[in-house]
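coords_30.cif (mmCIF, N, CA and C atoms and all ligand atoms)
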```cif
data_coords
loop_
_atom_site.label_atom_id
_atom_site.label_comp_id
_atom_site.auth_asym_id
_atom_site.auth_seq_id
_atom_site.Cartn_x
_atom_site.Cartn_y
_atom_site.Cartn_z
N MET A 1 65.11 91.23 93.22
CA MET A 1 64.91 90.02 92.40
C MET A 1 66.25 89.42 92.03
N ASN A 2 66.33 88.11 92.05
CA ASN A 2 67.57 87.43 91.69
C ASN A 2 67.81 87.48 90.20
N LYS A 3 69.04 87.78 89.84
CA LYS A 3 69.41 87.72 88.43
C LYS A 3 69.92 86.33 88.10
N ILE A 4 69.64 85.91 86.90
CA ILE A 4 70.09 84.59 86.46
C ILE A 4 70.46 84.68 84.98
N ALA A 5 71.36 83.81 84.56
CA ALA A 5 71.81 83.82 83.16
C ALA A 5 71.22 82.63 82.42
N ILE A 6 70.83 82.87 81.19
CA ILE A 6 70.41 81.80 80.30
C ILE A 6 71.35 81.82 79.09
N VAL A 7 71.76 80.64 78.67
CA VAL A 7 72.76 80.56 77.59
C VAL A 7 72.21 79.73 76.44
N ARG A 8 72.33 80.25 75.27
CA ARG A 8 71.96 79.53 74.05
C ARG A 8 73.24 79.25 73.25
N CYS A 9 73.47 77.98 72.91
CA CYS A 9 74.65 77.59 72.14
C CYS A 9 74.27 77.44 70.68
N GLU A 10 75.07 78.01 69.81
CA GLU A 10 74.82 77.92 68.38
C GLU A 10 76.14 77.62 67.67
N HIS A 11 76.06 77.45 66.38
CA HIS A 11 77.24 77.04 65.62
C HIS A 11 77.15 77.63 64.23
N PHE A 12 78.28 78.08 63.71
CA PHE A 12 78.30 78.44 62.29
C PHE A 12 79.69 78.20 61.71
N ASN A 13 79.72 78.03 60.40
CA ASN A 13 80.98 77.86 59.68
C ASN A 13 81.19 79.09 58.82
N ALA A 14 82.41 79.58 58.80
CA ALA A 14 82.67 80.74 57.95
C ALA A 14 84.13 80.76 57.55
N ALA A 15 84.39 81.41 56.43
CA ALA A 15 85.75 81.56 55.94
C ALA A 15 86.24 82.97 56.26
N HIS A 16 87.53 83.10 56.43
CA HIS A 16 88.10 84.43 56.61
C HIS A 16 89.57 84.46 56.20
N ARG A 17 90.08 85.66 56.18
CA ARG A 17 91.51 85.88 56.02
C ARG A 17 91.88 87.07 56.90
N LEU A 18 92.92 86.89 57.71
CA LEU A 18 93.42 88.01 58.51
C LEU A 18 94.59 88.63 57.75
N HIS A 19 94.48 89.92 57.52
CA HIS A 19 95.46 90.60 56.68
C HIS A 19 95.44 92.09 56.99
N ASN A 20 96.61 92.69 57.03
CA ASN A 20 96.69 94.14 57.18
C ASN A 20 97.34 94.68 55.91
N LYS A 21 96.56 95.42 55.12
CA LYS A 21 97.05 95.82 53.80
C LYS A 21 98.18 96.85 53.88
N ASN A 22 98.39 97.42 55.05
CA ASN A 22 99.50 98.37 55.22
C ASN A 22 100.83 97.68 55.51
N TRP A 23 100.79 96.37 55.67
CA TRP A 23 102.00 95.62 55.99
C TRP A 23 102.50 94.84 54.77
N SER A 24 103.77 94.45 54.82
CA SER A 24 104.34 93.59 53.77
C SER A 24 103.74 92.19 53.88
N ASP A 25 103.88 91.42 52.78
CA ASP A 25 103.40 90.03 52.79
C ASP A 25 104.10 89.25 53.91
N GLN A 26 105.40 89.51 54.07
CA GLN A 26 106.15 88.76 55.08
C GLN A 26 105.65 89.08 56.49
N LYS A 27 105.41 90.36 56.76
CA LYS A 27 104.94 90.72 58.10
C LYS A 27 103.55 90.13 58.36
N ASN A 28 102.69 90.15 57.33
CA ASN A 28 101.36 89.54 57.48
C ASN A 28 101.48 88.06 57.81
N LYS A 29 102.41 87.39 57.10
CA LYS A 29 102.61 85.96 57.34
C LYS A 29 103.13 85.71 58.76
N ASP A 30 104.07 86.57 59.16
CA ASP A 30 104.66 86.41 60.49
C ASP A 30 103.62 86.61 61.59
N VAL A 31 102.76 87.60 61.40
CA VAL A 31 101.81 87.94 62.47
C VAL A 31 100.60 87.02 62.46
N PHE A 32 100.04 86.77 61.29
CA PHE A 32 98.76 86.06 61.22
C PHE A 32 98.90 84.57 60.88
N GLY A 33 100.08 84.14 60.45
CA GLY A 33 100.31 82.71 60.21
C GLY A 33 99.33 82.15 59.20
N LYS A 34 98.77 80.98 59.52
CA LYS A 34 97.85 80.31 58.60
C LYS A 34 96.61 81.14 58.32
N CYS A 35 96.24 81.99 59.25
CA CYS A 35 95.04 82.81 59.05
C CYS A 35 95.26 83.91 58.00
N ASN A 36 96.51 84.03 57.49
CA ASN A 36 96.79 84.98 56.42
C ASN A 36 96.72 84.34 55.03
N ASN A 37 96.43 83.06 54.96
CA ASN A 37 96.37 82.36 53.66
C ASN A 37 95.57 83.17 52.64
N PRO A 38 96.20 83.51 51.48
CA PRO A 38 95.54 84.42 50.52
C PRO A 38 94.20 83.91 50.01
N ASN A 39 94.02 82.60 49.94
CA ASN A 39 92.77 82.04 49.41
C ASN A 39 91.75 81.70 50.50
N TYR A 40 91.95 82.30 51.67
CA TYR A 40 90.99 82.12 52.77
C TYR A 40 91.03 80.70 53.34
N HIS A 41 90.36 80.51 54.47
CA HIS A 41 90.25 79.20 55.11
C HIS A 41 89.07 79.27 56.05
N GLY A 42 88.60 78.13 56.48
CA GLY A 42 87.37 78.12 57.28
C GLY A 42 87.61 77.83 58.75
N HIS A 43 86.64 78.23 59.55
CA HIS A 43 86.60 77.84 60.97
C HIS A 43 85.20 77.35 61.28
N ASN A 44 85.14 76.43 62.25
CA ASN A 44 83.85 76.01 62.80
C ASN A 44 83.66 76.78 64.10
N TYR A 45 82.86 77.81 64.04
CA TYR A 45 82.69 78.68 65.20
C TYR A 45 81.59 78.16 66.12
N ASP A 46 81.89 78.06 67.39
CA ASP A 46 80.86 77.78 68.39
C ASP A 46 80.56 79.07 69.12
N LEU A 47 79.29 79.36 69.21
CA LEU A 47 78.83 80.63 69.77
C LEU A 47 77.97 80.36 70.99
N GLU A 48 78.28 81.06 72.09
CA GLU A 48 77.43 80.99 73.28
C GLU A 48 76.90 82.40 73.54
N VAL A 49 75.59 82.51 73.52
CA VAL A 49 74.94 83.79 73.77
C VAL A 49 74.32 83.73 75.16
N LYS A 50 74.82 84.56 76.06
CA LYS A 50 74.34 84.56 77.44
C LYS A 50 73.49 85.81 77.68
N VAL A 51 72.28 85.59 78.18
CA VAL A 51 71.39 86.70 78.50
C VAL A 51 71.14 86.66 80.01
N ILE A 52 71.36 87.79 80.66
CA ILE A 52 71.27 87.88 82.11
C ILE A 52 70.15 88.83 82.48
N GLY A 53 69.31 88.39 83.40
CA GLY A 53 68.22 89.26 83.85
C GLY A 53 67.45 88.59 84.96
N THR A 54 66.30 89.15 85.28
CA THR A 54 65.44 88.55 86.29
C THR A 54 64.30 87.81 85.58
N CYS A 55 63.72 86.84 86.30
CA CYS A 55 62.65 86.04 85.70
C CYS A 55 61.36 86.86 85.64
N ASP A 56 60.72 86.81 84.50
CA ASP A 56 59.39 87.40 84.37
C ASP A 56 58.45 86.67 85.34
N PRO A 57 57.71 87.39 86.19
CA PRO A 57 56.88 86.70 87.19
C PRO A 57 55.77 85.85 86.56
N GLU A 58 55.36 86.19 85.37
CA GLU A 58 54.27 85.43 84.75
C GLU A 58 54.75 84.17 84.03
N THR A 59 55.94 84.24 83.39
CA THR A 59 56.42 83.07 82.65
C THR A 59 57.50 82.30 83.41
N GLY A 60 58.22 82.97 84.31
CA GLY A 60 59.38 82.34 84.93
C GLY A 60 60.61 82.35 84.05
N TYR A 61 60.52 83.00 82.89
CA TYR A 61 61.65 83.06 81.96
C TYR A 61 62.39 84.39 82.07
N VAL A 62 63.73 84.34 81.84
CA VAL A 62 64.47 85.58 81.57
C VAL A 62 64.13 86.05 80.16
N ILE A 63 64.22 85.08 79.24
CA ILE A 63 63.78 85.29 77.87
C ILE A 63 63.38 83.92 77.35
N ASP A 64 62.34 83.86 76.58
CA ASP A 64 61.91 82.60 75.97
C ASP A 64 63.03 82.11 75.04
N THR A 65 63.52 80.88 75.25
CA THR A 65 64.65 80.39 74.43
C THR A 65 64.29 80.33 72.95
N LYS A 66 63.03 80.14 72.65
CA LYS A 66 62.61 80.13 71.24
C LYS A 66 62.82 81.52 70.64
N ILE A 67 62.44 82.54 71.38
CA ILE A 67 62.63 83.91 70.89
C ILE A 67 64.12 84.20 70.73
N LEU A 68 64.92 83.79 71.72
CA LEU A 68 66.36 84.03 71.65
C LEU A 68 66.97 83.28 70.46
N SER A 69 66.60 82.02 70.30
CA SER A 69 67.21 81.26 69.19
C SER A 69 66.77 81.81 67.84
N ASP A 70 65.52 82.27 67.74
CA ASP A 70 65.08 82.89 66.48
C ASP A 70 65.86 84.17 66.17
N LEU A 71 66.12 84.97 67.21
CA LEU A 71 66.91 86.21 67.01
C LEU A 71 68.31 85.88 66.51
N ILE A 72 68.94 84.88 67.14
CA ILE A 72 70.31 84.51 66.75
C ILE A 72 70.31 83.99 65.32
N LYS A 73 69.33 83.16 65.00
CA LYS A 73 69.27 82.60 63.64
C LYS A 73 69.10 83.71 62.61
N LYS A 74 68.13 84.57 62.86
CA LYS A 74 67.78 85.59 61.86
C LYS A 74 68.89 86.62 61.66
N TYR A 75 69.49 87.06 62.78
CA TYR A 75 70.41 88.20 62.68
C TYR A 75 71.89 87.83 62.69
N VAL A 76 72.22 86.62 63.17
CA VAL A 76 73.64 86.24 63.23
C VAL A 76 73.93 85.08 62.27
N LEU A 77 73.22 83.97 62.44
CA LEU A 77 73.56 82.79 61.64
C LEU A 77 73.27 83.03 60.16
N ASP A 78 72.13 83.62 59.85
CA ASP A 78 71.82 83.87 58.44
C ASP A 78 72.83 84.85 57.82
N ARG A 79 73.44 85.65 58.68
CA ARG A 79 74.39 86.65 58.19
C ARG A 79 75.80 86.08 58.01
N TYR A 80 76.20 85.16 58.90
CA TYR A 80 77.59 84.69 58.90
C TYR A 80 77.78 83.23 58.48
N ASP A 81 76.77 82.38 58.63
CA ASP A 81 76.97 80.96 58.38
C ASP A 81 77.22 80.69 56.89
N HIS A 82 78.28 79.93 56.61
CA HIS A 82 78.67 79.59 55.23
C HIS A 82 78.97 80.83 54.40
N LYS A 83 79.51 81.86 55.05
CA LYS A 83 79.89 83.07 54.34
C LYS A 83 81.40 83.25 54.39
N ASN A 84 81.90 84.02 53.43
CA ASN A 84 83.26 84.51 53.50
C ASN A 84 83.16 85.86 54.21
N LEU A 85 83.67 85.93 55.43
CA LEU A 85 83.44 87.12 56.25
C LEU A 85 84.06 88.37 55.63
N ASN A 86 85.21 88.20 54.96
CA ASN A 86 85.87 89.36 54.33
C ASN A 86 85.08 89.88 53.14
N LEU A 87 84.55 88.94 52.34
CA LEU A 87 83.94 89.33 51.07
C LEU A 87 82.44 89.51 51.14
N ASP A 88 81.77 88.78 52.03
CA ASP A 88 80.31 88.73 52.02
C ASP A 88 79.66 89.66 53.05
N THR A 89 80.44 90.31 53.88
CA THR A 89 79.84 91.18 54.90
C THR A 89 80.44 92.58 54.79
N GLN A 90 79.63 93.56 55.10
CA GLN A 90 80.10 94.95 55.10
C GLN A 90 81.06 95.20 56.26
N GLU A 91 80.73 94.62 57.43
CA GLU A 91 81.46 94.99 58.65
C GLU A 91 82.91 94.54 58.64
N PHE A 92 83.26 93.54 57.80
CA PHE A 92 84.64 93.08 57.77
C PHE A 92 85.35 93.38 56.47
N LYS A 93 84.81 94.35 55.73
CA LYS A 93 85.49 94.77 54.50
C LYS A 93 86.83 95.41 54.85
N ASP A 94 86.85 96.23 55.88
CA ASP A 94 88.08 96.93 56.27
C ASP A 94 88.49 96.66 57.71
N VAL A 95 87.82 95.70 58.34
CA VAL A 95 88.14 95.32 59.72
C VAL A 95 88.49 93.84 59.70
N ASN A 96 89.59 93.45 60.33
CA ASN A 96 89.98 92.05 60.33
C ASN A 96 88.94 91.20 61.04
N PRO A 97 88.46 90.12 60.40
CA PRO A 97 87.46 89.26 61.04
C PRO A 97 88.10 88.27 62.03
N THR A 98 88.73 88.82 63.04
CA THR A 98 89.25 88.00 64.14
C THR A 98 88.07 87.55 65.00
N ALA A 99 88.31 86.54 65.83
CA ALA A 99 87.26 86.11 66.77
C ALA A 99 86.82 87.30 67.63
N GLU A 100 87.79 88.14 68.02
CA GLU A 100 87.46 89.31 68.83
C GLU A 100 86.45 90.21 68.12
N ASN A 101 86.78 90.56 66.87
CA ASN A 101 85.90 91.49 66.15
C ASN A 101 84.55 90.86 65.78
N ILE A 102 84.55 89.55 65.53
CA ILE A 102 83.28 88.87 65.24
C ILE A 102 82.39 88.89 66.49
N ALA A 103 82.97 88.60 67.65
CA ALA A 103 82.19 88.59 68.90
C ALA A 103 81.62 89.98 69.20
N ILE A 104 82.42 91.01 69.00
CA ILE A 104 81.94 92.38 69.24
C ILE A 104 80.81 92.71 68.27
N SER A 105 80.96 92.28 67.02
CA SER A 105 79.92 92.52 66.03
C SER A 105 78.62 91.81 66.40
N ILE A 106 78.74 90.55 66.85
CA ILE A 106 77.53 89.81 67.25
C ILE A 106 76.85 90.50 68.44
N TYR A 107 77.64 90.96 69.38
CA TYR A 107 77.06 91.70 70.51
C TYR A 107 76.30 92.93 70.02
N ASN A 108 76.93 93.68 69.14
CA ASN A 108 76.31 94.92 68.66
C ASN A 108 75.05 94.66 67.82
N ILE A 109 75.01 93.51 67.17
CA ILE A 109 73.82 93.14 66.40
C ILE A 109 72.68 92.77 67.35
N LEU A 110 73.00 91.94 68.36
CA LEU A 110 71.92 91.38 69.20
C LEU A 110 71.44 92.31 70.31
N LYS A 111 72.34 93.12 70.84
CA LYS A 111 71.97 93.94 72.01
C LYS A 111 70.72 94.78 71.78
N PRO A 112 70.61 95.48 70.64
CA PRO A 112 69.41 96.30 70.44
C PRO A 112 68.14 95.48 70.21
N LYS A 113 68.29 94.19 69.96
CA LYS A 113 67.10 93.33 69.74
C LYS A 113 66.51 92.83 71.05
N LEU A 114 67.25 93.00 72.15
CA LEU A 114 66.79 92.52 73.46
C LEU A 114 66.21 93.66 74.26
N GLU A 115 65.35 93.32 75.21
CA GLU A 115 64.85 94.34 76.14
C GLU A 115 66.04 95.01 76.83
N ALA A 116 65.93 96.31 77.02
CA ALA A 116 67.06 97.09 77.54
C ALA A 116 67.52 96.62 78.91
N SER A 117 66.62 96.01 79.68
CA SER A 117 66.97 95.57 81.04
C SER A 117 67.86 94.33 81.04
N LEU A 118 67.96 93.65 79.91
CA LEU A 118 68.72 92.40 79.86
C LEU A 118 70.18 92.67 79.52
N GLU A 119 71.08 91.98 80.24
CA GLU A 119 72.51 92.04 79.91
C GLU A 119 72.82 90.94 78.91
N LEU A 120 73.82 91.21 78.08
CA LEU A 120 74.20 90.25 77.04
C LEU A 120 75.70 90.01 77.11
N LYS A 121 76.09 88.74 77.02
CA LYS A 121 77.51 88.39 76.92
C LYS A 121 77.68 87.36 75.81
N ILE A 122 78.73 87.57 75.04
CA ILE A 122 79.01 86.70 73.90
C ILE A 122 80.29 85.93 74.15
N LYS A 123 80.24 84.62 73.93
CA LYS A 123 81.46 83.81 73.95
C LYS A 123 81.55 83.15 72.57
N LEU A 124 82.71 83.31 71.94
CA LEU A 124 82.87 82.78 70.59
C LEU A 124 84.15 81.94 70.53
N TYR A 125 83.97 80.66 70.21
CA TYR A 125 85.10 79.73 70.05
C TYR A 125 85.49 79.68 68.58
N GLU A 126 86.74 80.00 68.30
CA GLU A 126 87.24 79.84 66.93
C GLU A 126 87.81 78.43 66.75
N THR A 127 88.37 77.90 67.82
CA THR A 127 88.78 76.49 67.88
C THR A 127 88.35 76.01 69.27
N PRO A 128 88.37 74.68 69.49
CA PRO A 128 87.97 74.22 70.83
C PRO A 128 88.82 74.82 71.95
N ARG A 129 90.03 75.28 71.62
CA ARG A 129 90.91 75.77 72.67
C ARG A 129 91.11 77.29 72.66
N ASN A 130 90.53 77.96 71.66
CA ASN A 130 90.66 79.42 71.61
C ASN A 130 89.28 80.05 71.55
N PHE A 131 88.98 80.86 72.55
CA PHE A 131 87.70 81.57 72.50
C PHE A 131 87.87 82.97 73.08
N VAL A 132 86.91 83.82 72.72
CA VAL A 132 86.90 85.19 73.22
C VAL A 132 85.56 85.43 73.93
N GLU A 133 85.58 86.43 74.82
CA GLU A 133 84.36 86.80 75.56
C GLU A 133 84.17 88.31 75.46
N TYR A 134 82.94 88.71 75.13
CA TYR A 134 82.65 90.14 75.07
C TYR A 134 81.22 90.41 75.54
N PRO A 135 81.00 91.34 76.43
CA PRO A 135 82.05 91.95 77.24
C PRO A 135 82.61 90.90 78.19
N TYR A 136 83.87 91.09 78.62
CA TYR A 136 84.51 90.06 79.43
C TYR A 136 84.06 90.17 80.88
NI NI B 201 91.67 81.73 60.81
#
```
Taking this structure as input, can you express it in the form of structure tokens?
Amino acid sequence: MNKIAIVRCEHFNAAHRLHNKNWSDQKNKDVFGKCNNPNYHGHNYDLEVKVIGTCDPETGYVIDTKILSDLIKKYVLDRYDHKNLNLDTQEFKDVNPTAENIAISIYNILKPKLEASLELKIKLYETPRNFVEYPY
């Protein structure tokens, strides 16, 4: 059976601060730049959720886009949209909420919600010109 990918695009806004508490203020500033701002700052994240699999012979779908969008809304957007990632989530209390770590977290949230036969890939844009892919 031919495998095919279906992609759902979503969007959320969230605040964060990148900081390593084991480093000096100067080193944090040097490494993280504006993303180290003590009072946090926001990003407009664009999220692409790609699901890869074969088409169900009865529906012709890899996954019903309504089901996929409901999963993303319930487990990702409701969790991260309009949140301060450092303060409002458990997963980024001690882990820097970089685009990399957010994408890995989204993958780990969604993967168990999908049928085991389906592959999942996450693309997360922190700016129009910077994005990460997991798994790559
Ligand atoms: Ni930032």
Under the rule of at most 6.5 Å, produce a per-residue listing of region 47-134 of chain A near region 16-35 of chain A: chain, number, name, the closest pair of atoms, and the distance in Å, as a Markdown table, using all atoms listed in the file.
```
| residue | atom | partner | partner_atom | distance |
| --- | --- | --- | --- | --- |
| A:Lys83 | C | A:His16 | N | 6.5 |
| A:Asn84 | CA | A:His16 | N | 5.4 |
| A:Leu85 | N | A:His16 | CA | 4.8 |
| A:Asn86 | N | A:His16 | CA | 5.0 |
| A:Asn96 | CA | A:Leu18 | CA | 5.6 |
| A:Pro97 | N | A:Leu18 | CA | 5.7 |
```
List every residue of chain A that DSSP, applied to the backbone, labels as helix (DSSP H, G or I), and write the result as JSON, numbers by chain.
{"A": [25, 26, 27, 28, 29, 30, 31, 32, 33, 34, 35, 36, 65, 66, 67, 68, 69, 70, 71, 72, 73, 74, 75, 76, 77, 78, 79, 80, 85, 86, 87, 88, 99, 100, 101, 102, 103, 104, 105, 106, 107, 108, 109, 110, 111, 112, 113]}
Closest-contact table, region 32-92 of chain A side, partner region 99-119 of chain A, 8 Å, counting only N, CA and C atoms, as a Markdown table:
```
| residue | atom | partner | partner_atom | distance |
| --- | --- | --- | --- | --- |
| A:Lys50 | C | A:Glu119 | C | 5.3 |
| A:Val51 | CA | A:Glu119 | C | 4.5 |
| A:Ile52 | N | A:Glu119 | C | 3.9 |
| A:Gly53 | N | A:Glu119 | N | 5.1 |
| A:Thr54 | N | A:Leu118 | CA | 6.8 |
| A:Val62 | C | A:Leu118 | CA | 7.8 |
| A:Leu71 | C | A:Leu110 | CA | 7.1 |
| A:Ile72 | N | A:Leu110 | CA | 7.4 |
| A:Tyr75 | C | A:Ile109 | CA | 6.8 |
| A:Val76 | CA | A:Ile106 | CA | 6.6 |
| A:Glu91 | CA | A:Ser105 | CA | 7.9 |
```
Residues within 7 Å of (88.4, 79.3, 56.4), counting all atoms listed in the file, listed as a list in words:
Ala14, Ala15, His16, Arg17, Tyr40, His41, Gly42 and His43 of chain A
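From CA of Val7 (chain A) back to atom C of Thr65 (chain A), the distance works out to 9.7 Å.
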Please provide the set of residues having any atom within 5 Å of Asp81 (chain A), restricted to all atoms listed in the file, with same-chain residues fewer than 2 positions apart removed, written as a VMD selection string.
chain A and resid 12 to 13 77 to 79 83
Which residue, A:Thr98, A:Ser69, A:Asn2, A:Thr89, has the smallest gap to ligand NI 201 (chain B) when you use all atoms listed in the file?
A:Thr98
So that I can check the secondary structure, give me every residue of chain A assigned strand (DSSP E or B) by backbone DSSP, as a ChimeraX atom specification.
/A:3-16,41-54,83-84,119-127,130-134
Counting all atoms listed in the file, which of A:Cys9, A:Asn36, A:Lys121, A:Pro135 gets nearest to ligand NI 201 (chain B)?
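With all atoms listed in the file as the atom set, the closest residue is A:Asn36.
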If I take CA of Ile122 (chain A) and atom N of Arg8 (chain A), how far is one from the other in Å, to one decimal?
9.4 Å
A:His11, A:Asp56, A:Glu126, A:Ile4 ranked by distance to ligand NI 201 (chain B), top pick (using all atoms listed in the file):
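Among A:His11, A:Asp56, A:Glu126, A:Ile4, it is A:Glu126 that comes nearest to ligand NI 201 (chain B).
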Using only C-alpha atoms and all ligand atoms, can you tell me which of A:Thr127, A:Gly60, A:Asp46, A:Ile6 comes closest to ligand NI 201 (chain B)?
A:Thr127
What's the separation between atom N of Leu120 (chain A) and atom N of Asp88 (chain A), in Å to one decimal place?
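Atom N of Asp88 (chain A) lies at a distance of 27.3 Å from atom N of Leu120 (chain A).
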Here is a test: counting all atoms listed in the file, which residue of A:Asn37, A:His82, A:Lys73, A:Glu133 is nearest to ligand NI 201 (chain B)?
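Closest residue, counting all atoms listed in the file: A:Asn37.
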Filled-in N, CA, C and O atoms of region 73-89 of chain A, supplied as a CSV table (one decimal), keeping the file's coordinate frame:
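Wrote selection.csv, looks like this:
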```csv
chain,number,residue,atom,x,y,z
A,73,LYS,N,69.3,83.2,65.0
A,73,LYS,CA,69.3,82.6,63.6
A,73,LYS,C,69.1,83.7,62.6
A,73,LYS,O,69.8,83.8,61.6
A,74,LYS,N,68.1,84.6,62.9
A,74,LYS,CA,67.8,85.6,61.9
A,74,LYS,C,68.9,86.6,61.7
A,74,LYS,O,69.2,87.0,60.5
A,75,TYR,N,69.5,87.1,62.8
A,75,TYR,CA,70.4,88.2,62.7
A,75,TYR,C,71.9,87.8,62.7
A,75,TYR,O,72.7,88.6,62.3
A,76,VAL,N,72.2,86.6,63.2
A,76,VAL,CA,73.6,86.2,63.2
A,76,VAL,C,73.9,85.1,62.3
A,76,VAL,O,74.8,85.2,61.4
A,77,LEU,N,73.2,84.0,62.4
A,77,LEU,CA,73.6,82.8,61.6
A,77,LEU,C,73.3,83.0,60.2
A,77,LEU,O,74.1,82.7,59.3
A,78,ASP,N,72.1,83.6,59.8
A,78,ASP,CA,71.8,83.9,58.4
A,78,ASP,C,72.8,84.8,57.8
A,78,ASP,O,73.0,84.9,56.6
A,79,ARG,N,73.4,85.6,58.7
A,79,ARG,CA,74.4,86.6,58.2
A,79,ARG,C,75.8,86.1,58.0
A,79,ARG,O,76.5,86.5,57.1
A,80,TYR,N,76.2,85.2,58.9
A,80,TYR,CA,77.6,84.7,58.9
A,80,TYR,C,77.8,83.2,58.5
A,80,TYR,O,78.9,82.9,58.1
A,81,ASP,N,76.8,82.4,58.6
A,81,ASP,CA,77.0,81.0,58.4
A,81,ASP,C,77.2,80.7,56.9
A,81,ASP,O,76.5,81.2,56.0
A,82,HIS,N,78.3,79.9,56.6
A,82,HIS,CA,78.7,79.6,55.2
A,82,HIS,C,79.0,80.8,54.4
A,82,HIS,O,78.7,80.9,53.2
A,83,LYS,N,79.5,81.9,55.0
A,83,LYS,CA,79.9,83.1,54.3
A,83,LYS,C,81.4,83.2,54.4
A,83,LYS,O,82.1,82.7,55.3
A,84,ASN,N,81.9,84.0,53.4
A,84,ASN,CA,83.3,84.5,53.5
A,84,ASN,C,83.2,85.9,54.2
A,84,ASN,O,82.6,86.8,53.7
A,85,LEU,N,83.7,85.9,55.4
A,85,LEU,CA,83.4,87.1,56.2
A,85,LEU,C,84.1,88.4,55.6
A,85,LEU,O,83.5,89.5,55.7
A,86,ASN,N,85.2,88.2,55.0
A,86,ASN,CA,85.9,89.4,54.3
A,86,ASN,C,85.1,89.9,53.1
A,86,ASN,O,85.0,91.1,52.9
A,87,LEU,N,84.6,88.9,52.3
A,87,LEU,CA,83.9,89.3,51.1
A,87,LEU,C,82.4,89.5,51.1
A,87,LEU,O,81.9,90.3,50.4
A,88,ASP,N,81.8,88.8,52.0
A,88,ASP,CA,80.3,88.7,52.0
A,88,ASP,C,79.7,89.7,53.0
A,88,ASP,O,78.4,89.7,53.1
A,89,THR,N,80.4,90.3,53.9
A,89,THR,CA,79.8,91.2,54.9
A,89,THR,C,80.4,92.6,54.8
A,89,THR,O,81.6,92.7,54.4
```
